[in-house]
file start.json (JSON, C-alpha atoms)
[["chain", "number", "residue", "atom", "x", "y", "z"],
["S", 26, "MET", "CA", -24.92, -52.40, 160.67],
["S", 27, "LEU", "CA", -23.04, -55.71, 160.44],
["S", 28, "LYS", "CA", -19.66, -55.25, 158.80],
["S", 29, "MET", "CA", -19.08, -58.07, 156.30],
["S", 30, "ASN", "CA", -15.83, -59.96, 156.49],
["S", 31, "SER", "CA", -14.73, -63.05, 154.62],
["S", 32, "MET", "CA", -16.09, -65.49, 157.24],
["S", 33, "ASN", "CA", -19.45, -63.66, 157.23],
["S", 34, "ASN", "CA", -19.37, -64.07, 153.44],
["S", 35, "ILE", "CA", -18.65, -67.80, 153.74],
["S", 36, "GLU", "CA", -21.57, -68.11, 156.16],
["S", 37, "TYR", "CA", -23.75, -66.09, 153.80],
["S", 38, "VAL", "CA", -23.05, -68.29, 150.76],
["S", 39, "SER", "CA", -23.38, -71.45, 152.89],
["S", 40, "SER", "CA", -26.83, -70.37, 154.01],
["S", 41, "LEU", "CA", -27.81, -69.32, 150.49],
["S", 42, "VAL", "CA", -26.83, -72.67, 148.98],
["S", 43, "GLU", "CA", -27.85, -75.05, 151.76],
["S", 44, "ASN", "CA", -31.31, -73.50, 152.13],
["S", 45, "LYS", "CA", -32.15, -74.13, 148.46],
["S", 46, "PHE", "CA", -30.14, -77.21, 147.44],
["S", 47, "LYS", "CA", -29.30, -80.69, 148.70],
["S", 48, "VAL", "CA", -25.56, -80.51, 149.27],
["S", 49, "ASN", "CA", -23.78, -83.88, 149.19],
["S", 50, "LYS", "CA", -20.57, -82.46, 150.60],
["S", 51, "LYS", "CA", -19.44, -79.04, 151.83],
["S", 52, "GLU", "CA", -15.86, -77.99, 152.51],
["S", 53, "ILE", "CA", -14.57, -74.63, 153.70],
["S", 54, "ILE", "CA", -11.22, -74.49, 151.94],
["S", 55, "SER", "CA", -10.15, -71.12, 153.34],
["S", 56, "LYS", "CA", -11.77, -67.94, 154.56],
["S", 57, "TYR", "CA", -12.01, -66.95, 150.89],
["S", 58, "GLN", "CA", -13.15, -70.22, 149.30],
["S", 59, "ILE", "CA", -15.88, -72.80, 149.87],
["S", 60, "SER", "CA", -16.83, -75.94, 147.96],
["S", 61, "PHE", "CA", -20.22, -77.60, 147.47],
["S", 62, "GLU", "CA", -20.78, -80.97, 145.83],
["S", 63, "VAL", "CA", -24.25, -81.34, 144.33],
["S", 64, "GLU", "CA", -26.02, -83.69, 141.94],
["S", 65, "LYS", "CA", -25.46, -83.15, 138.22],
["S", 66, "ALA", "CA", -29.10, -82.07, 137.74],
["S", 67, "GLU", "CA", -28.64, -79.18, 140.22],
["S", 68, "VAL", "CA", -25.51, -77.55, 138.76],
["S", 69, "HIS", "CA", -27.24, -75.19, 136.31],
["S", 70, "ARG", "CA", -29.80, -73.99, 138.86],
["S", 71, "LEU", "CA", -27.09, -73.45, 141.47],
["S", 72, "LEU", "CA", -24.80, -71.55, 139.09],
["S", 73, "THR", "CA", -27.76, -69.40, 138.00],
["S", 74, "LEU", "CA", -28.59, -68.56, 141.63],
["S", 75, "LEU", "CA", -24.98, -67.69, 142.41],
["S", 76, "LYS", "CA", -24.71, -65.47, 139.36],
["S", 77, "LEU", "CA", -27.88, -63.61, 140.36],
["S", 78, "GLU", "CA", -26.40, -63.16, 143.85],
["S", 79, "GLY", "CA", -23.17, -61.57, 142.56],
["S", 80, "TRP", "CA", -20.89, -64.48, 141.63],
["S", 81, "ILE", "CA", -20.55, -63.11, 138.12],
["S", 82, "GLN", "CA", -17.14, -64.40, 137.10],
["S", 83, "LEU", "CA", -16.48, -67.99, 136.07],
["S", 84, "SER", "CA", -12.85, -68.33, 137.11],
["S", 85, "TYR", "CA", -12.28, -71.99, 136.31],
["S", 86, "LEU", "CA", -13.82, -75.15, 134.94],
["S", 87, "SER", "CA", -12.00, -78.46, 134.87],
["S", 88, "ALA", "CA", -12.30, -82.11, 135.80],
["S", 89, "ILE", "CA", -10.70, -84.85, 137.87],
["S", 90, "ASP", "CA", -10.60, -88.44, 136.65],
["S", 91, "TRP", "CA", -11.64, -90.81, 139.44],
["S", 92, "ILE", "CA", -10.88, -93.93, 137.41],
["S", 93, "ASN", "CA", -11.51, -96.37, 140.29],
["S", 94, "ASP", "CA", -15.01, -94.89, 140.78],
["S", 95, "ASN", "CA", -15.59, -94.83, 136.99],
["S", 96, "GLU", "CA", -16.49, -91.13, 137.28],
["S", 97, "TYR", "CA", -15.26, -87.68, 136.44],
["S", 98, "GLU", "CA", -15.66, -84.84, 138.87],
["S", 99, "LEU", "CA", -16.45, -81.52, 137.24],
["S", 100, "ILE", "CA", -15.35, -78.41, 139.12],
["S", 101, "TYR", "CA", -16.74, -74.95, 138.43],
["S", 102, "ILE", "CA", -15.26, -72.01, 140.35],
["S", 103, "VAL", "CA", -17.11, -68.69, 140.43],
["S", 104, "MET", "CA", -16.00, -65.43, 142.04],
["S", 105, "ASN", "CA", -17.90, -62.60, 143.70],
["S", 106, "TRP", "CA", -15.72, -59.48, 143.70],
["S", 107, "GLU", "CA", -17.80, -57.64, 146.29],
["S", 108, "LYS", "CA", -17.85, -60.50, 148.79],
["S", 109, "ALA", "CA", -14.32, -61.73, 147.96],
["S", 110, "VAL", "CA", -15.34, -65.39, 148.03],
["S", 111, "HIS", "CA", -14.66, -68.11, 145.48],
["S", 112, "VAL", "CA", -17.32, -70.81, 145.33],
["S", 113, "GLN", "CA", -16.52, -74.23, 143.92],
["S", 114, "ILE", "CA", -19.43, -76.23, 142.54],
["S", 115, "ARG", "CA", -18.52, -79.88, 142.11],
["S", 116, "THR", "CA", -20.47, -82.75, 140.61],
["S", 117, "ARG", "CA", -19.78, -86.30, 139.51],
["S", 118, "ILE", "CA", -20.59, -87.66, 136.05],
["S", 119, "SER", "CA", -20.19, -91.10, 134.51],
["S", 120, "ARG", "CA", -16.88, -91.89, 132.85],
["S", 121, "GLU", "CA", -18.53, -94.27, 130.36],
["S", 122, "ASN", "CA", -20.21, -91.60, 128.23],
["S", 123, "PRO", "CA", -19.21, -88.36, 129.93],
["S", 124, "SER", "CA", -21.60, -85.54, 129.14],
["S", 125, "MET", "CA", -22.71, -82.35, 130.90],
["S", 126, "ASP", "CA", -25.02, -79.74, 129.44],
["S", 127, "SER", "CA", -23.11, -76.56, 128.67],
["S", 128, "ILE", "CA", -23.33, -73.61, 131.03],
["S", 129, "LEU", "CA", -22.91, -71.26, 128.06],
["S", 130, "PRO", "CA", -26.30, -69.56, 128.67],
["S", 131, "ILE", "CA", -25.20, -68.72, 132.23],
["S", 132, "PHE", "CA", -21.50, -67.99, 131.75],
["S", 133, "PRO", "CA", -20.63, -67.30, 128.08],
["S", 134, "GLY", "CA", -16.94, -67.36, 129.01],
["S", 135, "CYS", "CA", -17.15, -71.11, 129.63],
["S", 136, "LYS", "CA", -16.86, -71.75, 125.90],
["S", 137, "TYR", "CA", -13.10, -72.33, 125.99],
["S", 138, "TYR", "CA", -13.06, -74.07, 129.38],
["S", 139, "GLU", "CA", -15.54, -76.63, 128.04],
["S", 140, "ARG", "CA", -13.48, -77.10, 124.89],
["S", 141, "GLU", "CA", -10.42, -77.74, 127.05],
["S", 142, "ALA", "CA", -12.27, -80.23, 129.29],
["S", 143, "HIS", "CA", -13.48, -82.06, 126.17],
["S", 144, "GLU", "CA", -10.02, -82.11, 124.66],
["S", 145, "PHE", "CA", -8.20, -83.33, 127.78],
["S", 146, "PHE", "CA", -10.87, -85.59, 129.34],
["S", 147, "GLY", "CA", -13.32, -86.40, 126.52],
["S", 148, "ILE", "CA", -16.33, -84.80, 128.26],
["S", 149, "LYS", "CA", -19.10, -83.68, 125.90],
["S", 150, "PHE", "CA", -20.90, -80.36, 126.49],
["S", 151, "PRO", "CA", -24.15, -80.32, 124.49],
["S", 152, "GLY", "CA", -25.33, -76.73, 124.07],
["S", 153, "ASN", "CA", -21.83, -75.45, 123.32],
["S", 154, "PRO", "CA", -21.60, -75.60, 119.51],
["S", 155, "ASP", "CA", -17.79, -75.45, 119.63],
["S", 156, "TYR", "CA", -16.95, -77.90, 122.42],
["S", 157, "ALA", "CA", -15.54, -80.51, 120.00],
["S", 158, "LYS", "CA", -13.28, -78.09, 118.09],
["S", 159, "GLN", "CA", -9.62, -78.63, 118.84],
["S", 160, "LEU", "CA", -8.18, -75.93, 121.05],
["S", 161, "ILE", "CA", -4.67, -76.97, 122.03],
["S", 162, "LEU", "CA", -3.93, -80.52, 120.87],
["S", 163, "GLU", "CA", -3.90, -80.10, 117.10],
["S", 164, "GLY", "CA", -4.03, -83.41, 115.28],
["S", 165, "TRP", "CA", -4.42, -85.46, 118.48],
["S", 166, "ASP", "CA", -5.26, -89.07, 117.61],
["S", 167, "ASP", "CA", -5.37, -90.89, 120.94],
["S", 168, "ILE", "CA", -7.57, -90.97, 124.03],
["S", 169, "PRO", "CA", -7.64, -87.66, 125.91],
["S", 170, "PRO", "CA", -4.30, -87.18, 127.68],
["S", 171, "LEU", "CA", -5.55, -86.33, 131.19],
["S", 172, "ARG", "CA", -7.52, -89.55, 131.52],
["S", 173, "LYS", "CA", -5.75, -91.81, 133.98],
["S", 174, "ASP", "CA", -5.80, -94.69, 131.49],
["S", 175, "PHE", "CA", -3.76, -92.67, 128.97],
["S", 176, "ASP", "CA", -0.25, -94.12, 128.63],
["S", 177, "PRO", "CA", 2.19, -91.31, 127.75],
["S", 178, "ARG", "CA", 5.08, -93.74, 127.15],
["S", 179, "ALA", "CA", 3.07, -95.79, 124.64],
["S", 180, "TYR", "CA", 1.92, -92.59, 122.92],
["S", 181, "SER", "CA", 5.48, -91.28, 122.72],
["S", 182, "ASP", "CA", 6.83, -94.61, 121.43],
["S", 183, "ALA", "CA", 4.10, -94.77, 118.75],
["S", 184, "HIS", "CA", 4.44, -91.17, 117.56],
["S", 185, "PHE", "CA", 8.09, -90.20, 117.93],
["S", 186, "SER", "CA", 11.29, -91.84, 116.80],
["S", 187, "LYS", "CA", 13.54, -93.23, 119.47],
["S", 188, "ARG", "CA", 16.58, -91.06, 120.10],
["S", 189, "GLU", "CA", 19.90, -92.32, 121.24],
["S", 190, "TYR", "CA", 22.10, -89.80, 123.02],
["S", 191, "SER", "CA", 25.85, -90.07, 123.12],
["S", 192, "GLU", "CA", 27.79, -89.12, 126.23],
["S", 193, "THR", "CA", 29.78, -86.54, 124.27],
["S", 194, "PHE", "CA", 28.11, -83.43, 122.98],
["S", 195, "VAL", "CA", 28.55, -82.65, 119.30],
["S", 196, "ASN", "CA", 28.08, -79.02, 118.36],
["S", 197, "LEU", "CA", 26.30, -79.03, 115.01],
["S", 198, "ASN", "CA", 25.95, -75.27, 114.48],
["S", 199, "LYS", "CA", 29.71, -74.56, 114.28],
["S", 200, "GLU", "CA", 29.70, -72.21, 117.29],
["S", 201, "GLU", "CA", 32.30, -72.41, 120.01],
["S", 202, "SER", "CA", 31.21, -74.73, 122.80],
["S", 203, "LYS", "CA", 30.15, -73.07, 126.04],
["S", 204, "GLN", "CA", 30.59, -76.28, 128.01],
["S", 205, "GLY", "CA", 33.96, -75.21, 129.46],
["S", 206, "THR", "CA", 32.49, -71.89, 130.64],
["S", 207, "ARG", "CA", 29.59, -73.72, 132.27],
["S", 208, "GLU", "CA", 31.93, -76.10, 134.09],
["S", 209, "LYS", "CA", 34.02, -73.19, 135.44],
["S", 210, "ARG", "CA", 30.83, -71.45, 136.62],
["S", 211, "LYS", "CA", 29.71, -74.63, 138.44],
["S", 212, "GLU", "CA", 33.09, -74.84, 140.19],
["S", 213, "ARG", "CA", 32.86, -71.17, 141.30],
["S", 214, "ILE", "CA", 29.36, -71.80, 142.66],
["S", 215, "LYS", "CA", 30.61, -74.80, 144.64],
["S", 216, "ARG", "CA", 33.50, -72.73, 146.10],
["S", 217, "VAL", "CA", 31.14, -69.88, 147.07],
["S", 218, "ARG", "CA", 28.82, -72.34, 148.82],
["S", 219, "LYS", "CA", 31.80, -73.66, 150.79],
["S", 220, "GLY", "CA", 32.95, -70.16, 151.71],
["S", 221, "GLY", "CA", 35.74, -70.06, 149.11],
["S", 222, "ARG", "CA", 37.38, -73.31, 150.25],
["S", 223, "LYS", "CA", 38.14, -76.10, 147.79]]

call {"tool": "encode", "arguments": {"input": "start.json", "output": "structure tokens"}}
result
Amino acid sequence: MLKMNSMNNIEYVSSLVENKFKVNKKEIISKYQISFEVEKAEVHRLLTLLKLEGWIQLSYLSAIDWINDNEYELIYIVMNWEKAVHVQIRTRISRENPSMDSILPIFPGCKYYEREAHEFFGIKFPGNPDYAKQLILEGWDDIPPLRKDFDPRAYSDAHFSKREYSETFVNLNKEESKQGTREKRKERIKRVRKGGRK
């Protein structure tokens, strides 16, 4: 009997995927992780196959903004505990009206990952009734913050008052300042680093 090790498992999943799907790009990331890029239309079928073959845990779902290509790359990572291999499924979608059918029927745990991808990138996930509900960014009123065309400085200037900081610290809570203690500690650290010499 052939004893399975992580490279046998990588070979197994490679064969499983490449025999049934057109893979645009394959990358062996480590002996425990492999990546396949496929067309958008193949993602659901591929994730279904992997789940049936033991990749039962959706570990991650996120996106990368390839602004110069006018595309987002969606990344799904699934895990098989028995084979100890993570499989990344990657696909590209248009940045103009980004939308990808939800994988909720395959991996119910994707509900919050899809909400997060919508919130941070603006990707729509039809089939997930909650994808548009705010998850983290309550009251957000700008373009999604992980898009590369988001300007954090402009957002900060528009939403927060400018603060001027003086060079001297003013203790407003009437407690004794710990600045002197901190300075002495820094000096001791410097001496210790120099072997006790000044």

call {"tool": "atom_distance", "arguments": {"input": "start.json", "atom1": "CA of Phe145 (chain S)", "atom2": "CA of Arg172 (chain S)"}}
result
7.3 Å

call {"tool": "residues_around", "arguments": {"input": "start.json", "residues": "region 120-129 of chain S", "least_positions_apart": "2", "cutoff": "8 Å", "atoms": "all atoms listed in the file", "output": "PyMOL selection string"}}
result
chain S and resi 65+69+92+95-97+118+131-136+139+147-153

call {"tool": "write_last_selection", "arguments": {"input": "start.json", "atoms": "C-alpha atoms", "output": "PDB file, in the coordinates of the input"}}
result
ATOM      1  CA  LYS S  65     -25.460 -83.150 138.220  1.00  0.00           C
ATOM      2  CA  HIS S  69     -27.240 -75.190 136.310  1.00  0.00           C
ATOM      3  CA  ILE S  92     -10.880 -93.930 137.410  1.00  0.00           C
ATOM      4  CA  ASN S  95     -15.590 -94.830 136.990  1.00  0.00           C
ATOM      5  CA  GLU S  96     -16.490 -91.130 137.280  1.00  0.00           C
ATOM      6  CA  TYR S  97     -15.260 -87.680 136.440  1.00  0.00           C
ATOM      7  CA  ILE S 118     -20.590 -87.660 136.050  1.00  0.00           C
ATOM      8  CA  ILE S 131     -25.200 -68.720 132.230  1.00  0.00           C
ATOM      9  CA  PHE S 132     -21.500 -67.990 131.750  1.00  0.00           C
ATOM     10  CA  PRO S 133     -20.630 -67.300 128.080  1.00  0.00           C
ATOM     11  CA  GLY S 134     -16.940 -67.360 129.010  1.00  0.00           C
ATOM     12  CA  CYS S 135     -17.150 -71.110 129.630  1.00  0.00           C
ATOM     13  CA  LYS S 136     -16.860 -71.750 125.900  1.00  0.00           C
ATOM     14  CA  GLU S 139     -15.540 -76.630 128.040  1.00  0.00           C
ATOM     15  CA  GLY S 147     -13.320 -86.400 126.520  1.00  0.00           C
ATOM     16  CA  ILE S 148     -16.330 -84.800 128.260  1.00  0.00           C
ATOM     17  CA  LYS S 149     -19.100 -83.680 125.900  1.00  0.00           C
ATOM     18  CA  PHE S 150     -20.900 -80.360 126.490  1.00  0.00           C
ATOM     19  CA  PRO S 151     -24.150 -80.320 124.490  1.00  0.00           C
ATOM     20  CA  GLY S 152     -25.330 -76.730 124.070  1.00  0.00           C
ATOM     21  CA  ASN S 153     -21.830 -75.450 123.320  1.00  0.00           C
TER      22      ASN S 153
END

call {"tool": "atom_distance", "arguments": {"input": "start.json", "atom1": "CA of Leu75 (chain S)", "atom2": "CA of Val38 (chain S)"}}
result
8.6 Å

call {"tool": "closest_residue", "arguments": {"input": "start.json", "among": "S:Ala179, S:Ile100, S:Leu171, S:Leu74", "to": "Phe146 (chain S)", "atoms": "only C-alpha atoms"}}
result
S:Leu171

call {"tool": "residues_around", "arguments": {"input": "start.json", "residues": "Leu162 (chain S)", "least_positions_apart": "5", "cutoff": "10 Å", "atoms": "only C-alpha atoms", "output": "ChimeraX atom specification"}}
result
/S:141,144-145,169-170

call {"tool": "residues_around", "arguments": {"input": "start.json", "residues": "Val68 (chain S)", "least_positions_apart": "5", "cutoff": "9 Å", "atoms": "all atoms listed in the file", "output": "list of chain:residue names"}}
result
S:Val63, S:Thr73, S:Ile114, S:Arg115, S:Thr116, S:Ile128

call {"tool": "residues_near_point", "arguments": {"input": "start.json", "point": "(-13.1, -72.3, 151.8)", "cutoff": "9 Å", "atoms": "all atoms listed in the file", "output": "count of residues only"}}
result
14

call {"tool": "atom_distance", "arguments": {"input": "start.json", "atom1": "CA of Phe61 (chain S)", "atom2": "CA of Asp174 (chain S)"}}
result
27.5 Å

call {"tool": "closest_residue", "arguments": {"input": "start.json", "among": "S:Lys203, S:His184, S:His143, S:Lys211", "to": "Leu160 (chain S)", "atoms": "all atoms listed in the file"}}
result
S:His143

call {"tool": "closest_residue", "arguments": {"input": "start.json", "among": "S:Ile168, S:Val42, S:Ile161, S:Leu83", "to": "Tyr180 (chain S)", "atoms": "only C-alpha atoms"}}
result
S:Ile168

call {"tool": "closest_residue", "arguments": {"input": "start.json", "among": "S:Arg140, S:Lys47, S:Arg213, S:Lys173", "to": "Tyr156 (chain S)", "atoms": "only C-alpha atoms"}}
result
S:Arg140

call {"tool": "closest_residue", "arguments": {"input": "start.json", "among": "S:Trp91, S:Tyr138, S:Trp106, S:Tyr85", "to": "Gln159 (chain S)", "atoms": "only C-alpha atoms"}}
result
S:Tyr138

call {"tool": "axis_aligned_box", "arguments": {"input": "start.json", "around": "region 87-102 of chain S", "padding_each_side": "5 Å", "output": "JSON"}}
result
{"center_x": -13.7, "center_y": -84.2, "center_z": 137.8, "size_x": 16.1, "size_y": 34.4, "size_z": 15.9}

call {"tool": "build_atoms", "arguments": {"input": "start.json", "residues": "region 75-98 of chain S", "atoms": "N, CA and C atoms", "output": "short mmCIF file (atom, residue, chain, number, x, y, z; two decimals), in the coordinates of the input"}}
result
data_model
loop_
_atom_site.label_atom_id
_atom_site.label_comp_id
_atom_site.auth_asym_id
_atom_site.auth_seq_id
_atom_site.Cartn_x
_atom_site.Cartn_y
_atom_site.Cartn_z
N LEU S 75 -26.20 -68.39 142.01
CA LEU S 75 -24.98 -67.69 142.41
C LEU S 75 -24.71 -66.47 141.54
N LYS S 76 -24.94 -66.62 140.24
CA LYS S 76 -24.71 -65.47 139.36
C LYS S 76 -25.66 -64.32 139.72
N LEU S 77 -26.91 -64.64 139.98
CA LEU S 77 -27.88 -63.61 140.36
C LEU S 77 -27.51 -62.95 141.69
N GLU S 78 -26.80 -63.68 142.55
CA GLU S 78 -26.40 -63.16 143.85
C GLU S 78 -25.01 -62.49 143.83
N GLY S 79 -24.43 -62.33 142.66
CA GLY S 79 -23.17 -61.57 142.56
C GLY S 79 -21.94 -62.36 142.19
N TRP S 80 -22.05 -63.68 142.06
CA TRP S 80 -20.89 -64.48 141.63
C TRP S 80 -20.90 -64.47 140.10
N ILE S 81 -20.39 -63.38 139.55
CA ILE S 81 -20.55 -63.11 138.12
C ILE S 81 -19.39 -63.58 137.26
N GLN S 82 -18.30 -63.98 137.89
CA GLN S 82 -17.14 -64.40 137.10
C GLN S 82 -16.90 -65.89 137.23
N LEU S 83 -16.91 -66.59 136.10
CA LEU S 83 -16.48 -67.99 136.07
C LEU S 83 -14.97 -67.97 135.98
N SER S 84 -14.31 -68.39 137.05
CA SER S 84 -12.85 -68.33 137.11
C SER S 84 -12.19 -69.60 136.59
N TYR S 85 -12.93 -70.71 136.62
CA TYR S 85 -12.28 -71.99 136.31
C TYR S 85 -13.32 -73.05 136.06
N LEU S 86 -13.01 -73.96 135.17
CA LEU S 86 -13.82 -75.15 134.94
C LEU S 86 -12.85 -76.24 134.52
N SER S 87 -12.86 -77.34 135.25
CA SER S 87 -12.00 -78.46 134.87
C SER S 87 -12.59 -79.75 135.42
N ALA S 88 -11.80 -80.80 135.37
CA ALA S 88 -12.30 -82.11 135.80
C ALA S 88 -11.19 -82.89 136.49
N ILE S 89 -11.62 -83.88 137.24
CA ILE S 89 -10.70 -84.85 137.87
C ILE S 89 -11.18 -86.23 137.44
N ASP S 90 -10.27 -87.07 137.06
CA ASP S 90 -10.60 -88.44 136.65
C ASP S 90 -10.48 -89.37 137.86
N TRP S 91 -11.62 -89.82 138.36
CA TRP S 91 -11.64 -90.81 139.44
C TRP S 91 -11.86 -92.17 138.79
N ILE S 92 -10.79 -92.72 138.22
CA ILE S 92 -10.88 -93.93 137.41
C ILE S 92 -11.42 -95.12 138.22
N ASN S 93 -11.05 -95.24 139.48
CA ASN S 93 -11.51 -96.37 140.29
C ASN S 93 -13.00 -96.29 140.60
N ASP S 94 -13.57 -95.08 140.57
CA ASP S 94 -15.01 -94.89 140.78
C ASP S 94 -15.77 -94.87 139.46
N ASN S 95 -15.02 -94.92 138.34
CA ASN S 95 -15.59 -94.83 136.99
C ASN S 95 -16.39 -93.53 136.82
N GLU S 96 -15.83 -92.44 137.35
CA GLU S 96 -16.49 -91.13 137.28
C GLU S 96 -15.48 -90.03 137.03
N TYR S 97 -16.00 -88.94 136.49
CA TYR S 97 -15.26 -87.68 136.44
C TYR S 97 -15.92 -86.75 137.44
N GLU S 98 -15.12 -85.89 138.03
CA GLU S 98 -15.66 -84.84 138.87
C GLU S 98 -15.46 -83.53 138.13
#
